[in-house]
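**Q** Quick one, start_38.txt (compact mmCIF, C-alpha atoms):
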```txt
# COMPACT_ATOMS: atom_id res chain seq x y z
CA MET A 1 -51.26 -55.21 98.94
CA THR A 2 -50.03 -58.61 97.70
CA ASP A 3 -50.89 -60.89 94.78
CA ASP A 4 -53.22 -62.80 97.11
CA LEU A 5 -54.96 -59.60 98.17
CA ASP A 6 -55.25 -58.43 94.55
CA ALA A 7 -56.98 -61.70 93.65
CA PHE A 8 -59.22 -61.37 96.69
CA ARG A 9 -60.11 -57.80 95.66
CA ASP A 10 -61.37 -59.13 92.33
CA LEU A 11 -63.60 -61.63 94.14
CA ALA A 12 -64.89 -58.98 96.55
CA ARG A 13 -65.53 -56.51 93.72
CA GLN A 14 -67.50 -59.05 91.67
CA PHE A 15 -69.62 -60.00 94.68
CA CYS A 16 -70.33 -56.38 95.65
CA GLU A 17 -71.21 -55.34 92.10
CA LYS A 18 -73.52 -58.33 91.63
CA GLU A 19 -75.11 -58.70 95.07
CA LEU A 20 -74.97 -55.22 96.64
CA SER A 21 -75.15 -52.45 94.03
CA PRO A 22 -78.46 -53.41 92.38
CA ASN A 23 -80.35 -53.66 95.67
CA GLN A 24 -79.72 -50.31 97.34
CA GLN A 25 -83.16 -48.75 96.90
CA ARG A 26 -85.01 -51.94 97.82
CA TRP A 27 -82.92 -52.48 100.94
CA ALA A 28 -83.37 -48.85 101.95
CA ALA A 29 -87.13 -49.31 101.70
CA GLN A 30 -87.10 -52.49 103.83
CA LYS A 31 -84.45 -51.09 106.25
CA SER A 32 -82.24 -54.17 105.96
CA VAL A 33 -80.42 -56.39 103.53
CA ASP A 34 -81.97 -59.71 102.53
CA ARG A 35 -81.24 -62.37 105.13
CA GLY A 36 -80.02 -64.69 102.38
CA LEU A 37 -77.18 -62.29 101.55
CA TRP A 38 -75.30 -63.56 104.58
CA ASN A 39 -75.44 -67.17 103.37
CA LYS A 40 -74.36 -66.13 99.87
CA ALA A 41 -71.37 -64.31 101.36
CA GLY A 42 -70.53 -67.33 103.50
CA GLU A 43 -70.64 -69.64 100.49
CA VAL A 44 -68.03 -67.61 98.59
CA GLY A 45 -65.83 -67.08 101.65
CA LEU A 46 -66.44 -63.43 102.49
CA LEU A 47 -67.39 -63.93 106.15
CA CYS A 48 -64.94 -64.09 109.08
CA LEU A 49 -62.06 -63.42 106.69
CA SER A 50 -59.45 -62.92 109.40
CA ILE A 51 -60.61 -65.80 111.62
CA PRO A 52 -58.44 -68.97 111.54
CA GLN A 53 -59.59 -71.76 109.25
CA GLU A 54 -59.88 -74.18 112.17
CA TYR A 55 -62.92 -72.16 113.29
CA GLY A 56 -64.42 -71.97 109.81
CA GLY A 57 -62.91 -68.61 108.90
CA GLY A 58 -60.86 -67.52 105.92
CA GLY A 59 -57.49 -67.68 107.65
CA GLY A 60 -56.57 -64.23 106.35
CA SER A 61 -55.52 -61.01 108.03
CA PHE A 62 -57.12 -57.66 108.71
CA ALA A 63 -55.91 -56.64 105.24
CA HIS A 64 -58.57 -58.93 103.77
CA GLU A 65 -61.23 -57.20 105.88
CA ALA A 66 -59.98 -53.81 104.67
CA VAL A 67 -60.15 -54.86 101.01
CA LEU A 68 -63.73 -56.12 101.39
CA LEU A 69 -64.84 -52.89 103.08
CA GLU A 70 -63.17 -50.78 100.38
CA GLU A 71 -64.93 -52.72 97.64
CA GLN A 72 -68.23 -52.53 99.50
CA ALA A 73 -67.89 -48.75 99.68
CA ALA A 74 -66.76 -48.52 96.04
CA SER A 75 -69.94 -50.34 95.00
CA GLY A 76 -72.01 -47.61 96.69
CA ASP A 77 -73.34 -49.95 99.39
CA SER A 78 -73.91 -48.76 102.94
CA CYS A 79 -76.51 -51.36 103.91
CA TRP A 80 -74.63 -54.55 104.73
CA GLY A 81 -73.23 -54.67 108.29
CA VAL A 82 -70.45 -57.07 107.35
CA GLY A 83 -67.66 -55.03 108.93
CA LEU A 84 -69.22 -55.37 112.37
CA HIS A 85 -69.98 -59.08 111.84
CA ASN A 86 -66.49 -59.94 110.54
CA ALA A 87 -64.03 -57.68 112.26
CA ILE A 88 -65.76 -56.88 115.54
CA VAL A 89 -68.15 -59.60 116.76
CA ALA A 90 -66.09 -62.52 115.47
CA HIS A 91 -62.91 -61.03 116.89
CA TYR A 92 -64.36 -60.64 120.38
CA LEU A 93 -65.12 -64.36 120.29
CA LEU A 94 -61.68 -65.18 118.91
CA ALA A 95 -59.84 -63.04 121.45
CA TYR A 96 -61.76 -63.89 124.61
CA GLY A 97 -63.86 -66.99 123.95
CA THR A 98 -63.11 -70.44 125.32
CA GLU A 99 -62.12 -73.16 122.89
CA GLY A 100 -65.64 -74.56 123.11
CA GLN A 101 -67.26 -71.19 122.48
CA LYS A 102 -65.07 -70.56 119.43
CA ARG A 103 -65.74 -73.98 117.91
CA ASP A 104 -69.47 -73.67 118.53
CA TRP A 105 -70.15 -70.08 117.46
CA LEU A 106 -67.52 -68.96 114.94
CA PRO A 107 -68.33 -71.53 112.19
CA LYS A 108 -71.99 -70.44 112.26
CA LEU A 109 -70.92 -66.82 111.77
CA ALA A 110 -68.53 -67.85 108.99
CA ARG A 111 -71.25 -69.73 107.09
CA GLY A 112 -73.76 -66.91 107.46
CA ASP A 113 -76.09 -69.22 109.39
CA TRP A 114 -75.84 -66.71 112.23
CA VAL A 115 -75.56 -62.91 112.06
CA GLY A 116 -73.55 -61.20 114.78
CA ALA A 117 -74.22 -57.98 116.71
CA ILE A 118 -72.77 -56.23 119.74
CA ALA A 119 -75.12 -54.39 122.09
CA MET A 120 -73.31 -51.51 123.78
CA THR A 121 -75.39 -48.33 123.51
CA GLU A 122 -78.44 -47.81 125.69
CA PRO A 123 -81.26 -45.24 125.48
CA GLY A 124 -79.63 -43.28 128.32
CA THR A 125 -75.94 -43.91 127.61
CA GLY A 126 -74.01 -43.28 124.42
CA SER A 127 -70.22 -43.08 124.52
CA ASP A 128 -70.23 -43.42 128.33
CA LEU A 129 -70.02 -47.20 128.46
CA GLN A 130 -69.04 -47.24 132.13
CA ASN A 131 -72.59 -46.24 133.04
CA VAL A 132 -74.57 -48.93 131.21
CA THR A 133 -77.56 -50.09 133.25
CA THR A 134 -78.21 -53.48 131.62
CA LYS A 135 -77.56 -56.16 134.23
CA ALA A 136 -76.58 -59.83 134.06
CA ILE A 137 -76.99 -61.18 137.58
CA ARG A 138 -76.02 -64.71 138.57
CA ASP A 139 -78.85 -67.07 139.44
CA GLY A 140 -77.40 -70.50 140.14
CA ASP A 141 -75.62 -71.71 137.00
CA SER A 142 -77.21 -68.98 134.86
CA TYR A 143 -77.25 -65.24 134.32
CA LEU A 144 -80.52 -63.31 134.21
CA VAL A 145 -80.07 -60.49 131.70
CA ASN A 146 -82.29 -57.41 131.97
CA GLY A 147 -82.04 -54.13 130.10
CA ALA A 148 -82.56 -52.25 126.85
CA LYS A 149 -80.16 -51.40 124.02
CA THR A 150 -80.53 -49.08 121.05
CA PHE A 151 -78.75 -48.19 117.78
CA ILE A 152 -77.66 -51.82 117.41
CA THR A 153 -76.24 -52.57 113.96
CA ASN A 154 -77.54 -55.93 112.62
CA GLY A 155 -79.96 -55.93 115.54
CA GLY A 156 -83.02 -56.85 113.50
CA GLN A 157 -81.38 -59.96 112.03
CA ALA A 158 -78.84 -60.90 114.69
CA ASP A 159 -78.76 -64.46 115.97
CA LEU A 160 -75.81 -63.97 118.34
CA ILE A 161 -75.51 -60.79 120.40
CA LEU A 162 -72.61 -59.72 122.60
CA VAL A 163 -74.30 -57.83 125.43
CA VAL A 164 -72.41 -55.27 127.49
CA ALA A 165 -73.88 -55.69 130.98
CA LYS A 166 -73.12 -55.13 134.65
CA THR A 167 -72.45 -58.41 136.45
CA ASP A 168 -71.60 -56.40 139.58
CA PRO A 169 -73.44 -53.06 139.41
CA ALA A 170 -71.66 -51.73 142.52
CA ARG A 171 -68.20 -51.81 140.91
CA GLY A 172 -68.66 -49.37 138.01
CA ALA A 173 -66.40 -50.14 135.05
CA GLU A 174 -64.90 -53.09 136.93
CA GLY A 175 -68.33 -54.65 137.15
CA ILE A 176 -68.89 -54.78 133.37
CA SER A 177 -68.85 -58.11 131.51
CA LEU A 178 -69.68 -59.31 128.02
CA ILE A 179 -72.44 -61.92 127.91
CA VAL A 180 -73.33 -63.86 124.76
CA VAL A 181 -77.09 -64.07 124.17
CA GLU A 182 -78.72 -66.03 121.35
CA ALA A 183 -81.80 -64.39 119.86
CA GLU A 184 -83.87 -67.55 120.31
CA ARG A 185 -83.80 -67.26 124.11
CA ASP A 186 -87.02 -66.58 126.01
CA GLY A 187 -87.30 -62.99 127.19
CA PHE A 188 -85.34 -61.52 124.30
CA ARG A 189 -87.29 -59.32 121.90
CA ARG A 190 -86.55 -56.83 119.19
CA GLY A 191 -88.01 -53.35 119.09
CA ARG A 192 -88.15 -51.07 116.06
CA VAL A 193 -85.75 -51.16 113.18
CA LEU A 194 -84.90 -47.48 113.44
CA ASP A 195 -85.61 -44.87 110.77
CA LYS A 196 -82.29 -43.08 110.31
CA VAL A 197 -81.27 -39.97 108.37
CA GLY A 198 -78.72 -42.03 106.43
CA LEU A 199 -77.64 -45.66 106.19
CA LYS A 200 -81.27 -46.32 105.32
CA GLY A 201 -80.73 -49.93 104.33
CA GLN A 202 -78.61 -50.85 107.34
CA ASP A 203 -80.47 -52.84 109.94
CA THR A 204 -80.23 -50.75 113.14
CA ALA A 205 -82.59 -51.85 115.91
CA GLU A 206 -83.71 -51.61 119.51
CA LEU A 207 -83.20 -54.73 121.64
CA PHE A 208 -84.86 -55.68 124.93
CA PHE A 209 -83.83 -58.26 127.51
CA ASP A 210 -86.45 -59.28 130.08
CA ASP A 211 -85.15 -61.97 132.45
CA VAL A 212 -83.27 -63.63 129.60
CA ARG A 213 -81.64 -66.71 131.12
CA VAL A 214 -78.27 -67.78 129.70
CA PRO A 215 -75.73 -70.24 131.12
CA THR A 216 -72.79 -68.83 133.05
CA GLY A 217 -70.70 -70.44 130.30
CA HIS A 218 -71.88 -67.60 128.04
CA LEU A 219 -69.60 -65.16 129.86
CA LEU A 220 -66.91 -63.94 127.45
CA GLY A 221 -63.59 -64.19 129.21
CA GLU A 222 -62.24 -66.18 132.11
CA VAL A 223 -63.71 -64.09 134.91
CA GLU A 224 -66.40 -61.48 135.41
CA GLY A 225 -65.56 -57.80 135.33
CA HIS A 226 -63.18 -57.78 132.36
CA GLY A 227 -65.73 -56.46 129.87
CA PHE A 228 -64.66 -52.82 129.93
CA LEU A 229 -61.02 -53.79 129.35
CA GLN A 230 -62.09 -56.07 126.48
CA LEU A 231 -64.02 -53.20 124.91
CA MET A 232 -61.06 -50.84 125.18
CA GLN A 233 -58.78 -53.45 123.58
CA GLN A 234 -61.10 -54.05 120.62
CA LEU A 235 -62.40 -50.52 119.95
CA PRO A 236 -59.25 -49.41 118.03
CA GLN A 237 -60.04 -52.01 115.36
CA GLU A 238 -63.62 -50.70 115.16
CA ARG A 239 -62.25 -47.16 114.72
CA LEU A 240 -59.96 -48.42 112.00
CA LEU A 241 -63.04 -49.79 110.21
CA ILE A 242 -64.62 -46.33 110.39
CA GLY A 243 -61.44 -44.87 108.90
CA ILE A 244 -61.60 -47.34 106.01
CA ALA A 245 -65.25 -46.54 105.32
CA SER A 246 -64.62 -42.78 105.49
CA VAL A 247 -61.63 -42.78 103.15
CA ALA A 248 -63.37 -45.10 100.68
CA ALA A 249 -66.38 -42.76 100.73
CA MET A 250 -64.13 -39.79 99.97
CA GLU A 251 -62.56 -41.62 97.03
CA LEU A 252 -65.93 -42.62 95.60
CA ALA A 253 -67.36 -39.11 96.02
CA LEU A 254 -64.35 -37.63 94.25
CA ARG A 255 -64.65 -40.06 91.32
CA ASP A 256 -68.39 -39.46 90.99
CA THR A 257 -67.96 -35.69 91.10
CA LEU A 258 -65.18 -35.67 88.52
CA ASP A 259 -67.43 -37.65 86.17
CA TYR A 260 -70.39 -35.38 86.84
CA THR A 261 -68.56 -32.06 86.40
CA ARG A 262 -66.98 -33.23 83.14
CA SER A 263 -70.31 -34.34 81.67
CA ARG A 264 -72.54 -31.48 82.89
CA THR A 265 -72.48 -28.07 81.20
CA ALA A 266 -73.36 -24.56 82.35
CA PHE A 267 -73.01 -21.28 80.49
CA GLY A 268 -71.76 -23.10 77.42
CA ARG A 269 -68.95 -25.11 78.96
CA ASP A 270 -68.50 -28.10 81.24
CA ILE A 271 -68.62 -27.43 84.96
CA PHE A 272 -65.14 -28.84 85.50
CA SER A 273 -63.61 -25.98 83.44
CA PHE A 274 -64.66 -23.31 85.98
CA GLN A 275 -61.87 -22.27 88.32
CA ASN A 276 -64.02 -22.76 91.41
CA THR A 277 -64.70 -26.36 90.41
CA LYS A 278 -61.06 -27.10 89.73
CA PHE A 279 -59.90 -25.52 92.99
CA THR A 280 -62.56 -27.32 95.02
CA LEU A 281 -61.69 -30.67 93.48
CA ALA A 282 -57.96 -30.02 93.89
CA GLU A 283 -58.54 -29.53 97.61
CA ALA A 284 -60.75 -32.62 97.78
CA ALA A 285 -58.15 -34.72 95.96
CA THR A 286 -55.45 -33.54 98.35
CA GLU A 287 -57.53 -34.19 101.47
CA THR A 288 -58.40 -37.63 100.13
CA ARG A 289 -54.76 -38.49 99.36
CA VAL A 290 -53.61 -37.38 102.82
CA ALA A 291 -56.37 -39.44 104.45
CA ARG A 292 -55.49 -42.49 102.35
CA VAL A 293 -51.80 -42.32 103.29
CA PHE A 294 -52.67 -41.98 106.98
CA LEU A 295 -55.16 -44.86 106.74
CA ASP A 296 -52.70 -47.17 104.97
CA ASP A 297 -50.07 -46.40 107.61
CA CYS A 298 -52.56 -47.28 110.36
CA ILE A 299 -53.53 -50.54 108.63
CA SER A 300 -49.84 -51.47 108.31
CA LYS A 301 -49.28 -50.73 112.00
CA HIS A 302 -52.37 -52.75 112.94
CA LEU A 303 -51.13 -55.72 110.91
CA ASP A 304 -47.81 -55.74 112.75
CA GLY A 305 -49.42 -55.08 116.14
CA THR A 306 -48.15 -51.54 116.73
CA LEU A 307 -51.29 -49.43 116.20
CA ASP A 308 -51.96 -47.70 119.50
CA VAL A 309 -55.20 -46.34 120.92
CA PRO A 310 -54.52 -42.60 120.40
CA THR A 311 -53.43 -43.10 116.77
CA ALA A 312 -56.60 -45.08 116.04
CA ALA A 313 -58.57 -42.24 117.64
CA MET A 314 -56.71 -39.72 115.45
CA LEU A 315 -57.61 -41.67 112.33
CA LYS A 316 -61.25 -42.03 113.34
CA TRP A 317 -61.89 -38.34 113.96
CA TRP A 318 -59.68 -37.02 111.16
CA SER A 319 -60.96 -39.27 108.40
CA SER A 320 -64.64 -39.03 109.34
CA ASP A 321 -64.44 -35.24 109.68
CA ARG A 322 -62.54 -34.72 106.43
CA ALA A 323 -64.79 -37.12 104.55
CA MET A 324 -67.82 -35.09 105.61
CA ARG A 325 -66.17 -31.91 104.30
CA VAL A 326 -65.11 -33.45 101.01
CA ILE A 327 -68.50 -35.06 100.36
CA ASP A 328 -70.29 -31.81 101.22
CA ASP A 329 -68.18 -29.95 98.66
CA CYS A 330 -68.96 -32.66 96.12
CA VAL A 331 -72.70 -32.28 96.81
CA GLN A 332 -72.35 -28.54 96.14
CA LEU A 333 -70.72 -29.20 92.77
CA HIS A 334 -73.66 -31.41 91.81
CA GLY A 335 -76.03 -28.49 92.35
CA GLY A 336 -79.68 -29.43 92.85
CA TYR A 337 -79.01 -33.00 91.73
CA GLY A 338 -76.70 -33.41 94.72
CA TYR A 339 -79.75 -33.19 96.95
CA MET A 340 -81.70 -35.89 95.11
CA SER A 341 -81.68 -39.27 96.82
CA GLU A 342 -81.40 -41.18 93.53
CA TYR A 343 -77.91 -39.71 93.14
CA ARG A 344 -75.20 -41.65 94.93
CA ILE A 345 -73.53 -38.46 96.17
CA ALA A 346 -76.65 -37.51 98.14
CA ARG A 347 -76.75 -40.91 99.83
CA ALA A 348 -73.03 -40.66 100.60
CA TRP A 349 -73.63 -37.29 102.28
CA THR A 350 -76.33 -38.59 104.62
CA ASP A 351 -74.53 -41.89 105.22
CA GLN A 352 -71.25 -40.23 106.20
CA ARG A 353 -72.61 -38.02 108.96
CA VAL A 354 -72.93 -40.80 111.52
CA GLN A 355 -69.25 -41.74 111.15
CA LYS A 356 -68.47 -38.72 113.35
CA ILE A 357 -70.78 -40.13 116.04
CA TYR A 358 -70.52 -43.89 116.38
CA GLY A 359 -67.46 -45.84 117.48
CA GLY A 360 -67.10 -43.09 120.09
CA THR A 361 -67.90 -39.52 119.10
CA ASN A 362 -65.13 -37.40 117.59
CA GLU A 363 -65.16 -35.33 120.77
CA ILE A 364 -64.36 -38.49 122.75
CA MET A 365 -61.57 -39.25 120.25
CA LYS A 366 -60.00 -35.85 120.96
CA GLU A 367 -60.25 -36.51 124.70
CA ILE A 368 -58.40 -39.83 124.21
CA ILE A 369 -55.70 -38.13 122.15
CA ALA A 370 -55.31 -35.25 124.60
CA ARG A 371 -54.59 -37.63 127.49
CA THR A 372 -51.39 -38.71 125.73
CA LEU A 373 -50.07 -35.22 124.91
```
Could you express the structure from this file as structure tokens?

**A**
Amino acid sequence: MTDDLDAFRDLARQFCEKELSPNQQRWAAQKSVDRGLWNKAGEVGLLCLSIPQEYGGGGGSFAHEAVLLEEQAASGDSCWGVGLHNAIVAHYLLAYGTEGQKRDWLPKLARGDWVGAIAMTEPGTGSDLQNVTTKAIRDGDSYLVNGAKTFITNGGQADLILVVAKTDPARGAEGISLIVVEAERDGFRRGRVLDKVGLKGQDTAELFFDDVRVPTGHLLGEVEGHGFLQLMQQLPQERLLIGIASVAAMELALRDTLDYTRSRTAFGRDIFSFQNTKFTLAEAATETRVARVFLDDCISKHLDGTLDVPTAAMLKWWSSDRAMRVIDDCVQLHGGYGYMSEYRIARAWTDQRVQKIYGGTNEIMKEIIARTL
């Protein structure tokens, strides 16, 4: 943290408390945030924080992204897909886009005029990205994109979608490319906004591509077939985002449970005074502190360019797994109220479960780690 980041945290906190916290139930009911939220965030400078100013971004670092995500979690919000928009979609464009692509697309994302999504997962393929079946086949000076994607964050509102597709289906992983598709193109359509166990207010949709024609200039990268390598290079940052969300969720759950157990009584005394409560919260506080120290070390390494793939995988599985344990213990200490959806701890419990699944399942994380042992 620096003075600049402290000042930015104040801005992020004020925005999250004003624009996110009061809308959780309404957004959960409509399965998405208000579209205008993106423009509001763009106006105050909360979009594309770590994108250079020459492309309309904030000119900051990943530390700014981390602060925003921490304040989003501290506000109790799990609806707004800003982490994916800011630190994933925009960074694929920054890392692999041509100068023209960056100057055309990034300012629209930074203003909130466009919402970004990345379409990896398919109905028949989850973590096994090498076996995607969506195709983008050359036809003159265009690609024809055909396929279906599911579980796509921001999918219902996205204007720009990075599509993981096979440009050469015969070459396996070496035939994968990233193709940029605008939602306004003929042949693109959205399916359902999915009804999830948690993250109720987060827009997660099915997407369909039926002979969607895009220029060959919408290929991300200099040549075809580099998509799988691009994904592997960018996924550690996505896993770092999951670590941030998981640790912030642990910290919020711990604070909420401390408040609850000190204000609630049973058998003539507050719940916190029982030995079981104190021991459970002592364990939760320790797990949370350990996770925070590990996370901060990973953020520091990422900022200086030394965070490696296995360490990011360690953080992803460890923090998401431990957060689920801590939050579950906190639900137990809330008793019956912990199972009521109007209580934030109940929403945290259902929201956290998917962190062990997306970004690559925790089992895949262990496989990645084991290869380096």

**Q** Can you tell me which residues surround region 76-89 of chain A at a distance of at most 9 Å, considering only C-alpha atoms, apart from same-chain residues fewer than 2 positions away, and format the answer as a PyMOL selection string?

**A** chain A and resi 16+20-21+23-24+27-28+31-33+37-38+46-51+62+65-66+68-69+71-74+91-94+109-110+115-118+153-154+160-162+198-203+234-235+237-238+241+249+252+344+347-348+351

**Q** Which residue out of A:Arg255, A:His64, A:Lys40, A:Arg371 has the minimum interatomic distance to Phe8 (chain A) when only C-alpha atoms are used?

**A**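 Going through A:Arg255, A:His64, A:Lys40, A:Arg371 one by one, the smallest distance to Phe8 (chain A) is for A:His64.
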
**Q** Taking all atoms listed in the file into account, name the residue in A:Ala63, A:Thr150, A:Ser341, A:Asp34 that is nearest to Lys301 (chain A).

**A**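 Distance minimum relative to Lys301 (chain A) lands on A:Ala63.
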
**Q** Name the closest residue to Thr204 (chain A) among the candidates A:Ala158, A:Leu219, A:Val132, A:Leu258; distances are taken between atoms, counting only C-alpha atoms.

**A**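 Checking each candidate against Thr204 (chain A), we get A:Ala158 as the closest.
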
**Q** Please work out which residues fall within 12 Å of (-59.9, -33.6, 108.4), coordinates as given in the file, with only C-alpha atoms counting, and return them as a count of residues only.

**A** 30

**Q** Report, in Å to a single decimal, how far apart CA of Glu251 (chain A) and CA of Ile271 (chain A) are.

**A** 19.6 Å

**Q** Between CA of Ile299 (chain A) and CA of Met1 (chain A), what is the distance in Å, rounded to a tenth?

**A**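 So the two atoms, CA of Ile299 (chain A) and CA of Met1 (chain A), lie 11.0 Å apart.
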
**Q** Identify, on the basis of only C-alpha atoms, every residue whose closest approach to Val163 (chain A) does not exceed 10 Å; exclude the query and any residue fewer than 5 positions from it along the same chain; express the result as a ChimeraX atom specification.

**A** /A:117-121,134-136,145,147,149,177-181,209,219-220,227

**Q** Store the residues picked out above, limited to C-alpha atoms, as a compact mmCIF listing (two decimals), in the frame of the given file.

**A**
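What ended up in part-v2.txt:
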```txt
# COMPACT_ATOMS: atom_id res chain seq x y z
CA ALA A 117 -74.22 -57.98 116.71
CA ILE A 118 -72.77 -56.23 119.74
CA ALA A 119 -75.12 -54.39 122.09
CA MET A 120 -73.31 -51.51 123.78
CA THR A 121 -75.39 -48.33 123.51
CA THR A 134 -78.21 -53.48 131.62
CA LYS A 135 -77.56 -56.16 134.23
CA ALA A 136 -76.58 -59.83 134.06
CA VAL A 145 -80.07 -60.49 131.70
CA GLY A 147 -82.04 -54.13 130.10
CA LYS A 149 -80.16 -51.40 124.02
CA SER A 177 -68.85 -58.11 131.51
CA LEU A 178 -69.68 -59.31 128.02
CA ILE A 179 -72.44 -61.92 127.91
CA VAL A 180 -73.33 -63.86 124.76
CA VAL A 181 -77.09 -64.07 124.17
CA PHE A 209 -83.83 -58.26 127.51
CA LEU A 219 -69.60 -65.16 129.86
CA LEU A 220 -66.91 -63.94 127.45
CA GLY A 227 -65.73 -56.46 129.87
```

**Q** For the point (-77.6, -65.1, 130.9) in file coordinates, what residues are within 9 Å, counting all atoms listed in the file? Give the answer as a list in words?

**A** Ala136, Ile137, Arg138, Asp139, Ser142, Tyr143, Leu144, Val145, Ile179, Val180, Val181, Asp211, Val212, Arg213, Val214, Pro215, Thr216, Gly217, His218 and Leu219 of chain A

**Q** Which of these, A:Val193, A:Gly359, A:Ile345, A:Gly112, has the shortest distance to Arg35 (chain A) once you count only C-alpha atoms?

**A** A:Gly112

**Q** What's the separation between CA of Asn131 (chain A) and CA of Thr98 (chain A), in Å to one decimal place?

**A**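 Distance reported for this atom pair: 27.1 Å.
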
**Q** Counting only C-alpha atoms, which residue out of A:Gln230, A:Asn276, A:Gln53, A:Ser300 sits closest to Tyr96 (chain A)?

**A**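 Among the listed residues, the smallest separation from Tyr96 (chain A) belongs to A:Gln230.
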
**Q** For Ile357 (chain A), which residue out of A:His226, A:Lys102, A:Arg239, A:Lys18 is the nearest one, using all atoms listed in the file?

**A** A:Arg239
